[in-house]
$ cat entry07.txt   # compact mmCIF, C-alpha atoms
# COMPACT_ATOMS: atom_id res chain seq x y z
CA TRP A 1 109.43 80.65 89.65
CA PHE A 2 110.22 82.24 86.32
CA ILE A 3 113.68 81.70 84.77
CA LEU A 4 114.57 83.77 81.71
CA GLN A 5 114.69 81.51 78.68
CA TYR A 6 114.92 82.17 74.98
CA MET A 7 114.45 80.53 71.60
CA SER A 8 117.02 81.20 68.88
CA GLY A 9 116.80 82.20 65.24
CA PHE A 10 116.16 85.37 63.24
CA GLY A 11 112.69 85.52 61.68
CA ASN A 12 111.92 81.91 62.55
CA GLU A 13 108.46 80.40 63.03
CA HIS A 14 108.36 79.90 66.81
CA ILE A 15 105.80 78.31 69.10
CA SER A 16 105.70 78.91 72.85
CA GLU A 17 103.31 78.33 75.72
CA ASP A 18 103.63 79.07 79.40
CA PRO A 19 104.41 75.73 81.15
CA ARG A 20 101.73 76.50 83.74
CA CYS A 21 99.14 75.87 81.00
CA PRO A 22 100.29 72.93 78.87
CA GLY A 23 98.33 72.52 75.67
CA ALA A 24 97.31 76.20 75.52
CA LEU A 25 98.18 76.35 71.81
CA PRO A 26 95.28 75.14 69.65
CA GLU A 27 96.11 72.09 67.55
CA GLY A 28 95.75 72.17 63.78
CA GLN A 29 94.19 75.63 63.48
CA ASN A 30 94.66 79.24 64.57
CA ASN A 31 91.16 80.26 65.56
CA PRO A 32 89.03 77.44 67.00
CA GLN A 33 85.47 78.06 68.10
CA VAL A 34 86.60 77.66 71.71
CA CYS A 35 90.29 78.05 72.57
CA PRO A 36 91.95 75.90 75.26
CA TYR A 37 91.58 77.24 78.82
CA GLY A 38 88.89 79.66 77.60
CA LEU A 39 91.49 81.96 76.02
CA TYR A 40 90.89 84.54 73.29
CA ALA A 41 92.71 84.21 69.94
CA GLU A 42 94.22 87.43 68.59
CA GLN A 43 96.40 87.91 65.51
CA LEU A 44 99.14 90.55 65.45
CA SER A 45 99.95 91.42 61.83
CA GLY A 46 103.37 92.91 61.10
CA SER A 47 102.77 93.05 57.35
CA ALA A 48 99.88 93.25 54.90
CA PHE A 49 97.95 89.98 54.62
CA THR A 50 98.92 89.72 50.95
CA CYS A 51 102.68 90.21 51.31
CA PRO A 52 104.74 87.46 49.66
CA ARG A 53 105.43 84.56 51.99
CA PRO A 54 109.14 85.47 52.57
CA THR A 55 108.13 88.92 53.88
CA ASN A 56 104.84 88.03 55.55
CA LYS A 57 105.00 88.63 59.30
CA ARG A 58 102.34 87.69 61.83
CA SER A 59 101.88 85.98 65.17
CA TRP A 60 98.85 84.48 66.90
CA LEU A 61 98.43 85.29 70.60
CA TYR A 62 96.22 83.32 72.99
CA ARG A 63 95.33 85.61 75.86
CA ILE A 64 93.10 85.89 78.89
CA LEU A 65 91.45 89.06 77.56
CA PRO A 66 91.89 90.60 74.09
CA SER A 67 93.81 93.85 73.82
CA VAL A 68 90.66 95.70 72.69
CA CYS A 69 89.45 95.90 76.32
CA HIS A 70 90.48 99.42 77.35
CA LYS A 71 88.97 102.87 77.85
CA PRO A 72 89.34 105.49 75.08
CA PHE A 73 92.78 107.00 74.49
CA LYS A 74 93.37 110.59 75.57
CA PRO A 75 96.32 112.89 74.75
CA LEU A 76 99.34 112.61 77.03
CA GLU A 77 102.03 115.25 77.52
CA GLU A 78 104.92 114.26 75.27
CA GLY A 79 107.77 115.96 77.15
CA HIS A 80 110.79 115.88 74.85
CA LEU A 81 109.42 113.32 72.39
CA THR A 82 108.72 114.84 68.98
CA HIS A 83 108.67 114.32 65.22
CA ASN A 84 108.59 118.07 64.45
CA TRP A 85 111.75 118.45 62.39
CA ASP A 86 111.15 122.17 61.74
CA GLU A 87 111.15 123.47 65.31
CA ILE A 88 114.67 124.87 64.88
CA GLU A 89 116.88 125.95 61.99
CA PRO A 90 118.93 123.19 60.30
CA ASP A 91 122.57 122.83 61.35
CA PRO A 92 124.98 121.46 58.70
CA ASN A 93 127.97 121.28 61.05
CA GLN A 94 129.67 118.24 62.51
CA LEU A 95 127.88 117.72 65.84
CA ARG A 96 128.97 115.91 68.97
CA TRP A 97 127.29 115.50 72.34
CA LYS A 98 128.83 114.90 75.73
CA PRO A 99 127.27 112.05 77.77
CA PHE A 100 123.60 112.74 78.30
CA GLU A 101 122.84 113.38 81.96
CA ILE A 102 120.75 110.92 83.98
CA PRO A 103 118.60 112.59 86.64
CA LYS A 104 118.90 111.41 90.23
CA ALA A 105 115.84 109.51 91.46
CA SER A 106 115.85 111.61 94.64
CA GLN A 107 115.38 114.75 92.54
CA ASN A 108 113.23 113.57 89.64
CA LYS A 109 111.80 110.07 89.24
CA MET A 110 111.82 109.22 85.56
CA ASP A 111 110.84 105.95 83.90
CA PHE A 112 111.61 104.77 80.37
CA VAL A 113 108.69 106.63 78.76
CA SER A 114 109.13 109.93 80.59
CA GLY A 115 112.88 109.66 79.93
CA LEU A 116 112.56 109.54 76.12
CA HIS A 117 114.18 112.49 74.35
CA THR A 118 114.19 112.88 70.58
CA LEU A 119 117.59 113.94 69.29
CA CYS A 120 117.18 113.95 65.51
CA GLY A 121 115.18 112.42 62.70
CA ALA A 122 113.48 112.81 59.34
CA GLY A 123 110.34 111.76 57.55
CA GLU A 124 106.72 111.55 58.55
CA PRO A 125 105.14 108.79 60.65
CA ARG A 126 101.72 109.06 58.97
CA GLY A 127 103.33 108.31 55.63
CA ARG A 128 105.35 105.54 57.29
CA ASN A 129 108.65 106.65 55.83
CA GLY A 130 111.27 108.00 58.19
CA ILE A 131 113.40 107.48 61.25
CA ALA A 132 114.01 109.08 64.63
CA VAL A 133 116.93 108.80 67.02
CA HIS A 134 116.00 109.03 70.70
CA ILE A 135 118.04 109.10 73.90
CA PHE A 136 116.55 107.51 77.00
CA VAL A 137 117.63 108.37 80.53
CA CYS A 138 115.74 106.89 83.46
CA ASN A 139 116.09 105.92 87.11
CA THR A 140 112.88 104.07 87.96
CA SER A 141 110.86 101.19 86.51
CA MET A 142 107.61 101.48 84.62
CA ILE A 143 104.87 100.57 87.11
CA ASN A 144 101.49 99.60 85.69
CA ARG A 145 102.44 101.34 82.45
CA SER A 146 102.98 99.84 79.03
CA LEU A 147 104.24 101.48 75.82
CA LEU A 148 102.80 100.72 72.38
CA SER A 149 104.45 102.14 69.25
CA LEU A 150 102.14 102.32 66.26
CA PRO A 151 103.83 104.26 63.45
CA ALA A 152 107.21 102.66 64.05
CA PHE A 153 108.06 99.34 62.49
CA PHE A 154 110.44 98.84 65.37
CA PHE A 155 112.22 100.32 68.33
CA SER A 156 115.84 99.22 68.30
CA ILE A 157 116.99 99.75 71.90
CA VAL A 158 120.71 100.02 72.69
CA PRO A 159 121.37 100.22 76.45
CA GLN A 160 124.62 101.96 77.37
CA GLN A 161 124.42 102.02 81.17
CA GLY A 162 122.30 99.72 83.31
CA LYS A 163 120.31 96.57 82.59
CA LEU A 164 116.79 96.57 81.15
CA LEU A 165 114.29 93.87 82.09
CA ILE A 166 111.78 94.20 79.27
CA THR A 167 108.38 92.56 79.60
CA THR A 168 106.49 92.05 76.34
CA GLU A 169 103.32 90.24 75.33
CA PHE A 170 105.61 87.44 74.09
CA GLY A 171 107.63 87.10 77.31
CA LYS A 172 110.54 88.70 79.13
CA MET A 173 114.02 89.71 77.97
CA LEU A 174 116.99 90.91 80.01
CA VAL A 175 118.99 93.34 77.88
CA GLU A 176 122.38 94.51 79.12
CA PRO A 177 124.94 96.97 77.71
CA ASN A 178 126.60 95.41 74.64
CA GLU A 179 123.26 93.85 73.71
CA ILE A 180 120.46 95.29 71.60
CA CYS A 181 116.78 94.44 71.44
CA VAL A 182 114.11 95.13 68.85
CA ILE A 183 110.45 95.75 69.74
CA GLN A 184 108.38 95.62 66.56
CA GLN A 185 105.35 97.63 65.52
CA GLY A 186 102.22 97.12 67.60
CA MET A 187 103.92 95.26 70.48
CA ARG A 188 103.32 96.40 74.03
CA PHE A 189 106.25 96.45 76.42
CA SER A 190 107.37 97.71 79.82
CA VAL A 191 110.89 98.41 81.05
CA GLU A 192 112.19 97.66 84.52
CA VAL A 193 115.52 99.22 85.55
CA PHE A 194 117.87 98.72 88.48
CA GLY A 195 119.31 102.19 89.01
CA GLU A 196 120.45 105.01 86.77
CA THR A 197 120.06 103.87 83.18
CA ARG A 198 120.86 105.37 79.79
CA GLY A 199 120.84 104.33 76.15
CA TYR A 200 119.96 105.00 72.54
CA ILE A 201 116.94 104.16 70.39
CA LEU A 202 116.56 103.96 66.63
CA GLU A 203 112.91 104.23 65.62
CA VAL A 204 112.07 103.35 62.02
CA TYR A 205 108.75 103.80 60.26
CA GLY A 206 108.96 102.36 56.79
CA ALA A 207 110.56 98.91 56.75
CA HIS A 208 111.38 95.93 58.93
CA PHE A 209 114.91 95.07 59.95
CA GLU A 210 116.57 92.30 57.95
CA LEU A 211 119.93 90.62 58.05
CA PRO A 212 122.08 92.15 55.28
CA ASP A 213 122.79 90.07 52.20
CA LEU A 214 126.27 88.52 52.32
CA GLY A 215 127.07 88.41 48.60
CA PRO A 216 130.68 87.25 47.97
CA ILE A 217 131.18 86.72 51.72
CA GLY A 218 129.19 83.52 51.30
CA ALA A 219 126.77 81.70 53.57
CA ASN A 220 128.26 82.67 56.95
CA GLY A 221 129.52 85.75 58.70
CA LEU A 222 128.52 89.07 60.27
CA ALA A 223 125.46 88.54 62.53
CA ASN A 224 124.50 84.86 62.42
CA PRO A 225 120.74 84.13 62.51
CA ARG A 226 121.02 81.58 65.32
CA ASP A 227 122.39 84.21 67.73
CA PHE A 228 119.16 86.23 67.79
CA LEU A 229 117.07 85.31 70.83
CA VAL A 230 113.28 85.42 71.21
CA PRO A 231 111.52 85.31 74.62
CA VAL A 232 109.32 82.40 75.70
CA ALA A 233 105.68 82.79 76.69
CA TRP A 234 104.96 84.15 80.15
CA TYR A 235 101.69 85.50 81.45
CA GLU A 236 100.27 87.24 84.49
CA ASP A 237 96.58 87.13 85.32
CA ARG A 238 96.69 90.33 87.35
CA GLN A 239 93.87 92.73 88.03
CA VAL A 240 94.77 96.40 88.51
CA PRO A 241 91.76 98.11 90.12
CA GLY A 242 93.62 101.43 90.28
CA GLY A 243 94.12 101.37 86.53
CA TYR A 244 96.78 100.07 84.18
CA THR A 245 97.95 102.69 81.66
CA ILE A 246 98.52 101.79 78.01
CA ILE A 247 100.61 104.51 76.36
CA SER A 248 100.37 104.66 72.58
CA LYS A 249 102.87 106.51 70.41
CA TYR A 250 100.50 107.29 67.54
CA GLN A 251 101.41 109.52 64.58
CA GLY A 252 104.29 110.92 66.57
CA LYS A 253 102.27 111.88 69.64
CA LEU A 254 101.55 110.12 72.94
CA PHE A 255 98.12 108.99 74.09
CA ALA A 256 97.06 107.10 77.24
CA ALA A 257 94.22 104.67 77.88
CA GLN A 258 93.20 102.94 81.10
CA GLN A 259 92.31 99.30 81.67
CA ASP A 260 91.92 97.25 84.83
CA TYR A 261 94.21 94.32 84.00
CA SER A 262 97.77 93.63 82.94
CA PRO A 263 98.31 93.48 79.16
CA TYR A 264 100.88 90.71 79.64
CA ASN A 265 98.20 88.03 79.75
CA VAL A 266 99.33 85.98 76.73
CA VAL A 267 99.42 82.33 77.78
CA ALA A 268 100.70 80.98 74.45
CA TRP A 269 101.69 82.24 71.00
CA HIS A 270 103.08 81.14 67.66
CA GLY A 271 104.40 82.99 64.62
CA ASN A 272 107.37 84.78 63.08
CA TYR A 273 106.60 88.33 64.27
CA THR A 274 108.29 88.69 67.65
CA PRO A 275 110.54 90.89 69.73
CA TYR A 276 114.16 89.75 69.87
CA LYS A 277 117.58 90.53 71.27
CA TYR A 278 121.19 90.08 70.12
CA HIS A 279 124.57 90.21 71.86
CA LEU A 280 127.04 92.33 69.90
CA GLU A 281 130.00 90.13 70.90
CA LYS A 282 128.48 87.38 68.72
CA PHE A 283 129.21 89.40 65.56
CA MET A 284 131.62 87.63 63.20
CA VAL A 285 133.89 90.41 61.95
CA ILE A 286 135.02 90.50 58.32
CA ASN A 287 138.02 92.73 57.62
CA ALA A 288 140.85 93.61 55.22
CA VAL A 289 143.86 91.26 55.44
CA ALA A 290 146.07 92.64 52.64
CA PHE A 291 145.88 96.41 52.15
CA ASP A 292 143.52 99.40 52.25
CA HIS A 293 140.56 100.04 54.47
CA ALA A 294 137.26 98.24 53.92
CA ASP A 295 134.09 100.33 53.91
CA PRO A 296 132.13 100.32 57.21
CA SER A 297 129.25 98.45 55.53
CA ILE A 298 131.11 95.23 56.42
CA PHE A 299 130.09 95.90 60.04
CA THR A 300 126.32 96.02 59.36
CA VAL A 301 124.31 94.00 61.90
CA LEU A 302 120.79 94.79 60.65
CA THR A 303 119.36 96.78 57.76
CA ALA A 304 115.98 98.32 56.95
CA LYS A 305 115.84 98.54 53.17
CA THR A 306 114.25 101.06 50.84
CA THR A 307 112.86 100.25 47.40
CA ARG A 308 116.22 101.29 45.91
CA ALA A 309 118.65 98.38 45.83
CA GLY A 310 121.51 98.82 48.28
CA VAL A 311 120.13 102.04 49.80
CA ALA A 312 118.99 101.70 53.41
CA LEU A 313 116.36 103.64 55.24
CA ALA A 314 118.41 102.68 58.29
CA ASP A 315 121.40 100.45 59.01
CA PHE A 316 122.60 99.40 62.44
CA VAL A 317 126.40 99.15 62.29
CA ILE A 318 128.97 98.32 65.00
CA PHE A 319 132.74 98.68 65.34
CA PRO A 320 133.72 95.74 67.55
CA PRO A 321 137.10 94.47 68.80
CA ARG A 322 139.10 92.95 65.93
CA TRP A 323 142.58 92.50 64.46
CA GLY A 324 144.15 95.11 62.18
CA VAL A 325 146.71 93.63 59.78
CA ALA A 326 146.49 95.65 56.55
CA ASN A 327 149.88 96.51 54.99
CA ASN A 328 150.88 99.98 53.76
CA THR A 329 147.53 101.28 54.98
CA PHE A 330 146.25 104.14 57.09
CA ARG A 331 144.26 101.90 59.38
CA PRO A 332 141.81 104.15 61.26
CA PRO A 333 138.63 105.32 59.47
CA TYR A 334 139.52 107.44 56.46
CA TYR A 335 138.41 111.04 55.86
CA HIS A 336 135.02 110.89 54.31
CA ARG A 337 131.99 112.68 52.92
CA ASN A 338 129.00 110.35 52.78
CA CYS A 339 125.69 110.56 50.90
CA MET A 340 124.20 108.92 54.02
CA SER A 341 123.69 110.48 57.47
CA GLU A 342 125.71 108.93 60.30
CA PHE A 343 124.74 109.05 63.98
CA MET A 344 127.31 107.39 66.22
CA GLY A 345 127.13 106.34 69.86
CA LEU A 346 129.61 104.73 72.21
CA ILE A 347 128.58 101.96 74.60
CA LYS A 348 131.98 101.53 76.24
CA GLY A 349 135.70 102.16 75.76
CA HIS A 350 137.52 104.64 73.52
CA TYR A 351 136.71 105.01 69.83
CA GLU A 352 139.90 104.68 67.79
CA ALA A 353 139.40 107.76 65.60
CA LYS A 354 138.65 110.13 68.50
CA GLU A 355 139.95 108.79 71.79
CA GLU A 356 139.38 111.94 73.84
CA GLY A 357 136.16 113.84 73.09
CA PHE A 358 133.87 110.97 72.08
CA GLN A 359 132.61 109.45 75.34
CA PRO A 360 130.33 106.57 76.36
CA GLY A 361 126.77 107.81 76.69
CA GLY A 362 127.37 110.66 74.24
CA GLY A 363 127.00 110.77 70.47
CA SER A 364 127.88 112.46 67.20
CA LEU A 365 126.06 113.28 63.98
CA HIS A 366 127.66 113.79 60.59
CA SER A 367 124.87 114.66 58.19
CA MET A 368 125.00 113.72 54.53
CA MET A 369 128.07 115.11 52.75
CA THR A 370 129.40 116.64 55.98
CA PRO A 371 133.15 115.93 56.05
CA HIS A 372 134.49 113.96 58.99
CA GLY A 373 137.29 111.62 59.98
CA PRO A 374 140.09 111.06 62.49
CA ASP A 375 141.14 113.92 64.74
CA ALA A 376 144.63 115.40 64.42
CA ASP A 377 146.21 113.24 67.14
CA CYS A 378 144.85 110.05 65.58
CA PHE A 379 146.11 111.04 62.12
CA GLU A 380 149.65 111.79 63.30
CA LYS A 381 149.86 108.62 65.38
CA ALA A 382 148.48 106.32 62.68
CA SER A 383 150.67 107.88 59.97
CA LYS A 384 153.84 107.02 61.92
CA ALA A 385 152.79 103.71 63.49
CA LYS A 386 154.75 100.55 62.83
CA LEU A 387 152.47 98.35 60.75
CA GLU A 388 152.25 95.01 62.48
CA PRO A 389 149.25 92.92 63.55
CA GLU A 390 147.46 94.76 66.35
CA ARG A 391 144.26 94.48 68.29
CA VAL A 392 141.80 97.26 67.47
CA ALA A 393 139.03 98.48 69.76
CA ASP A 394 139.66 96.03 72.61
CA GLY A 395 137.27 96.89 75.44
CA THR A 396 135.32 99.17 73.09
CA MET A 397 131.96 99.03 71.36
CA ALA A 398 130.93 101.93 69.14
CA PHE A 399 127.89 101.79 66.87
CA MET A 400 126.32 103.78 64.06
CA PHE A 401 122.75 104.45 62.95
CA GLU A 402 123.17 105.21 59.24
CA SER A 403 120.35 106.49 57.05
CA SER A 404 119.77 107.67 53.50
CA LEU A 405 117.59 110.46 54.96
CA SER A 406 118.86 113.93 55.86
CA LEU A 407 118.39 114.15 59.62
CA ALA A 408 117.16 117.28 61.38
CA ILE A 409 118.17 118.09 64.95
CA THR A 410 115.55 118.85 67.58
CA LYS A 411 115.60 121.87 69.86
CA TRP A 412 116.32 119.51 72.75
CA GLY A 413 119.36 118.16 70.93
CA LEU A 414 120.81 121.55 70.05
CA GLN A 415 119.85 123.58 73.11
CA THR A 416 117.78 122.11 75.94
CA SER A 417 119.94 119.04 76.62
CA ASN A 418 122.92 121.31 77.29
CA CYS A 419 125.18 118.45 76.16
CA LEU A 420 126.24 119.75 72.73
CA ASP A 421 130.03 119.98 72.47
CA LYS A 422 130.51 123.37 70.84
CA ASN A 423 134.26 122.81 70.53
CA TYR A 424 133.97 119.65 68.45
CA TYR A 425 135.31 121.31 65.30
CA LYS A 426 138.56 122.12 67.10
CA CYS A 427 139.70 118.47 67.03
CA TRP A 428 140.59 118.97 63.33
CA GLU A 429 142.17 122.43 63.61
CA PRO A 430 145.70 121.10 64.36
CA LEU A 431 145.76 119.18 61.05
CA LYS A 432 148.54 120.68 58.94
CA SER A 433 149.71 120.36 55.37
CA HIS A 434 152.42 117.78 54.71
CA PHE A 435 152.53 118.60 51.00
CA ASN A 436 155.99 118.76 49.42
CA PRO A 437 156.07 118.98 45.61
CA LYS A 438 159.72 117.92 45.60
CA CYS A 439 159.13 114.68 47.53
CA LYS A 440 157.02 111.95 45.96

$ encode --input "entry07.txt" --output "structure tokens"
Amino acid sequence: WFILQYMSGFGNEHISEDPRCPGALPEGQNNPQVCPYGLYAEQLSGSAFTCPRPTNKRSWLYRILPSVCHKPFKPLEEGHLTHNWDEIEPDPNQLRWKPFEIPKASQNKMDFVSGLHTLCGAGEPRGRNGIAVHIFVCNTSMINRSLLSLPAFFFSIVPQQGKLLITTEFGKMLVEPNEICVIQQGMRFSVEVFGETRGYILEVYGAHFELPDLGPIGANGLANPRDFLVPVAWYEDRQVPGGYTIISKYQGKLFAAQQDYSPYNVVAWHGNYTPYKYHLEKFMVINAVAFDHADPSIFTVLTAKTTRAGVALADFVIFPPRWGVANNTFRPPYYHRNCMSEFMGLIKGHYEAKEEGFQPGGGSLHSMMTPHGPDADCFEKASKAKLEPERVADGTMAFMFESSLSLAITKWGLQTSNCLDKNYYKCWEPLKSHFNPKCK
């Protein structure tokens, strides 16, 4: 009977109740002595109680059983999930990965949790200051398993191949390639897939995502708040005598607890602390229309701020289809050394600065102050191109996780994945000097 529906708005106060139980939300108070339908009231706090009102995040859930009803957690084998940034020597080079391989279900059944692989990161989850970049590759749905992330303020999930049907305590979301979704700290979720599936995850422990300030841009532009979608309430009153597994990612390690019922038993909820999704085609691009090349910060979708003004713990940035019209300008990304670390992924198409080696399902990392920029072919072509209005990145969607932290690579990323492109540096070797002191 269920049809996927959503409510719109970033950070809004939402109310939702499953239509099978009208009036499930208490009227006029959060925690009545007896809740409608005999439900339990449970608050999920995404911020300290005493945070200022603009940053205070919480939701009230009205559920069949409270989430406290489970057996004790026990350690679970982590596989390739880690926050040990010292397991291998640092690598200051420009790094690029070929598309990460998805195992065949006939050879190795792998769901979303078992398919998580940590690629790089920095910081410490117990101190709640850091990030991690994960790759997920899977071929089967999570069955009677739910994931709960405790140190992370959010999982930003970017599917590259295959749809994800994500069930949360707040309802269901269908997330397809060219969409992203955010699962915030403390929220339980399960992922259903429909074949071989792959994507990227940015995990942040330290700050919530916000929409970037627009400054001189004005009131509108970039990612518009109304385009963020929140699921509507949906519940299942399902007993699982064989055991339902709650997997907790706690202080960087996995633990599992058993319970005999589905955790998706929330009949109604209200609040401003929710999971959400966003379609990247909704992004309103701002760009240069006279000369020179605007900094990539104009493509920021979401930002997780630090206490230093203008310095992000993590930014989520995209490079969507747009018009290029700048006069007397080298239009592709310029050569650059950045005080931030840049991890890039490609959802589809061909990235303009490196059309050959950078492939969908792969990635690249340019650590802080590591030089990078267009390959030799791109430079020669763009230097000689006739400058007229042109479409840029049609059929393409590249993205960047940018961070003020210096990211360390895991052993899986450098060795075990067997996807590292060891010839990446060669794309710049054909660059030659055009210097002529007699020609200005």

$ residues_around --input "entry07.txt" --residues "Ile217 of chain A" --least-positions-apart "3" --cutoff "12 Å" --atoms "all atoms listed in the file" --output "list in words"
Pro212, Asp213, Leu214, Asn220, Gly221, Leu222, Met284, Val285, Ile286, Asn287 and Ile298 of chain A

$ closest_residue --input "entry07.txt" --among "A:Phe291, A:Trp323, A:Trp234, A:Phe330" --to "Tyr62 of chain A" --atoms "all atoms listed in the file"
A:Trp234

$ atom_distance --input "entry07.txt" --atom1 "atom CA of Glu342 of chain A" --atom2 "atom CA of Gln94 of chain A"
10.4 Å

$ residues_around --input "entry07.txt" --residues "Asp227 of chain A" --least-positions-apart "6" --cutoff "7 Å" --atoms "all atoms listed in the file" --output "ChimeraX atom specification"
/A:8-9,278,282

$ residues_around --input "entry07.txt" --residues "Phe343 of chain A" --least-positions-apart "5" --cutoff "6 Å" --atoms "only C-alpha atoms" --output "list of chain:residue names"
A:Ser364, A:Leu365, A:Met400, A:Phe401

$ atom_distance --input "entry07.txt" --atom1 "atom CA of Glu196 of chain A" --atom2 "atom CA of Glu236 of chain A"
27.0 Å

$ atom_distance --input "entry07.txt" --atom1 "atom CA of Glu169 of chain A" --atom2 "atom CA of Tyr250 of chain A"
19.0 Å

$ build_atoms --input "entry07.txt" --residues "segment 140-152 of chain A" --atoms "N, CA, C and O atoms" --output "mmCIF file, keeping the file's coordinate frame"
data_model
loop_
_atom_site.group_PDB
_atom_site.id
_atom_site.type_symbol
_atom_site.label_atom_id
_atom_site.label_comp_id
_atom_site.auth_asym_id
_atom_site.auth_seq_id
_atom_site.Cartn_x
_atom_site.Cartn_y
_atom_site.Cartn_z
ATOM 1 N N THR A 140 113.911 104.842 87.267
ATOM 2 C CA THR A 140 112.880 104.070 87.960
ATOM 3 C C THR A 140 112.136 103.205 86.944
ATOM 4 O O THR A 140 112.125 103.503 85.749
ATOM 5 N N SER A 141 111.543 102.137 87.399
ATOM 6 C CA SER A 141 110.860 101.190 86.510
ATOM 7 C C SER A 141 109.468 101.688 86.143
ATOM 8 O O SER A 141 108.855 102.479 86.860
ATOM 9 N N MET A 142 108.990 101.224 85.012
ATOM 10 C CA MET A 142 107.610 101.480 84.620
ATOM 11 C C MET A 142 106.694 100.634 85.496
ATOM 12 O O MET A 142 106.827 99.405 85.522
ATOM 13 N N ILE A 143 105.790 101.263 86.209
ATOM 14 C CA ILE A 143 104.870 100.570 87.110
ATOM 15 C C ILE A 143 103.456 100.725 86.592
ATOM 16 O O ILE A 143 102.948 101.845 86.449
ATOM 17 N N ASN A 144 102.847 99.595 86.242
ATOM 18 C CA ASN A 144 101.490 99.600 85.690
ATOM 19 C C ASN A 144 101.366 100.538 84.489
ATOM 20 O O ASN A 144 100.363 101.240 84.310
ATOM 21 N N ARG A 145 102.419 100.549 83.685
ATOM 22 C CA ARG A 145 102.440 101.340 82.450
ATOM 23 C C ARG A 145 103.065 100.503 81.341
ATOM 24 O O ARG A 145 104.046 99.793 81.575
ATOM 25 N N SER A 146 102.490 100.593 80.170
ATOM 26 C CA SER A 146 102.980 99.840 79.030
ATOM 27 C C SER A 146 103.034 100.767 77.824
ATOM 28 O O SER A 146 102.154 101.621 77.644
ATOM 29 N N LEU A 147 104.076 100.633 76.995
ATOM 30 C CA LEU A 147 104.240 101.480 75.820
ATOM 31 C C LEU A 147 103.903 100.686 74.566
ATOM 32 O O LEU A 147 104.315 99.531 74.424
ATOM 33 N N LEU A 148 103.199 101.323 73.650
ATOM 34 C CA LEU A 148 102.800 100.720 72.380
ATOM 35 C C LEU A 148 103.177 101.692 71.277
ATOM 36 O O LEU A 148 102.742 102.845 71.278
ATOM 37 N N SER A 149 104.027 101.265 70.343
ATOM 38 C CA SER A 149 104.450 102.140 69.250
ATOM 39 C C SER A 149 103.733 101.733 67.976
ATOM 40 O O SER A 149 103.907 100.618 67.483
ATOM 41 N N LEU A 150 102.942 102.658 67.426
ATOM 42 C CA LEU A 150 102.140 102.320 66.260
ATOM 43 C C LEU A 150 102.750 102.752 64.930
ATOM 44 O O LEU A 150 102.741 101.979 63.986
ATOM 45 N N PRO A 151 103.283 103.968 64.771
ATOM 46 C CA PRO A 151 103.830 104.260 63.450
ATOM 47 C C PRO A 151 105.130 103.539 63.179
ATOM 48 O O PRO A 151 105.467 103.244 62.045
ATOM 49 N N ALA A 152 105.886 103.242 64.240
ATOM 50 C CA ALA A 152 107.210 102.660 64.050
ATOM 51 C C ALA A 152 107.115 101.194 63.693
ATOM 52 O O ALA A 152 106.312 100.456 64.248
#
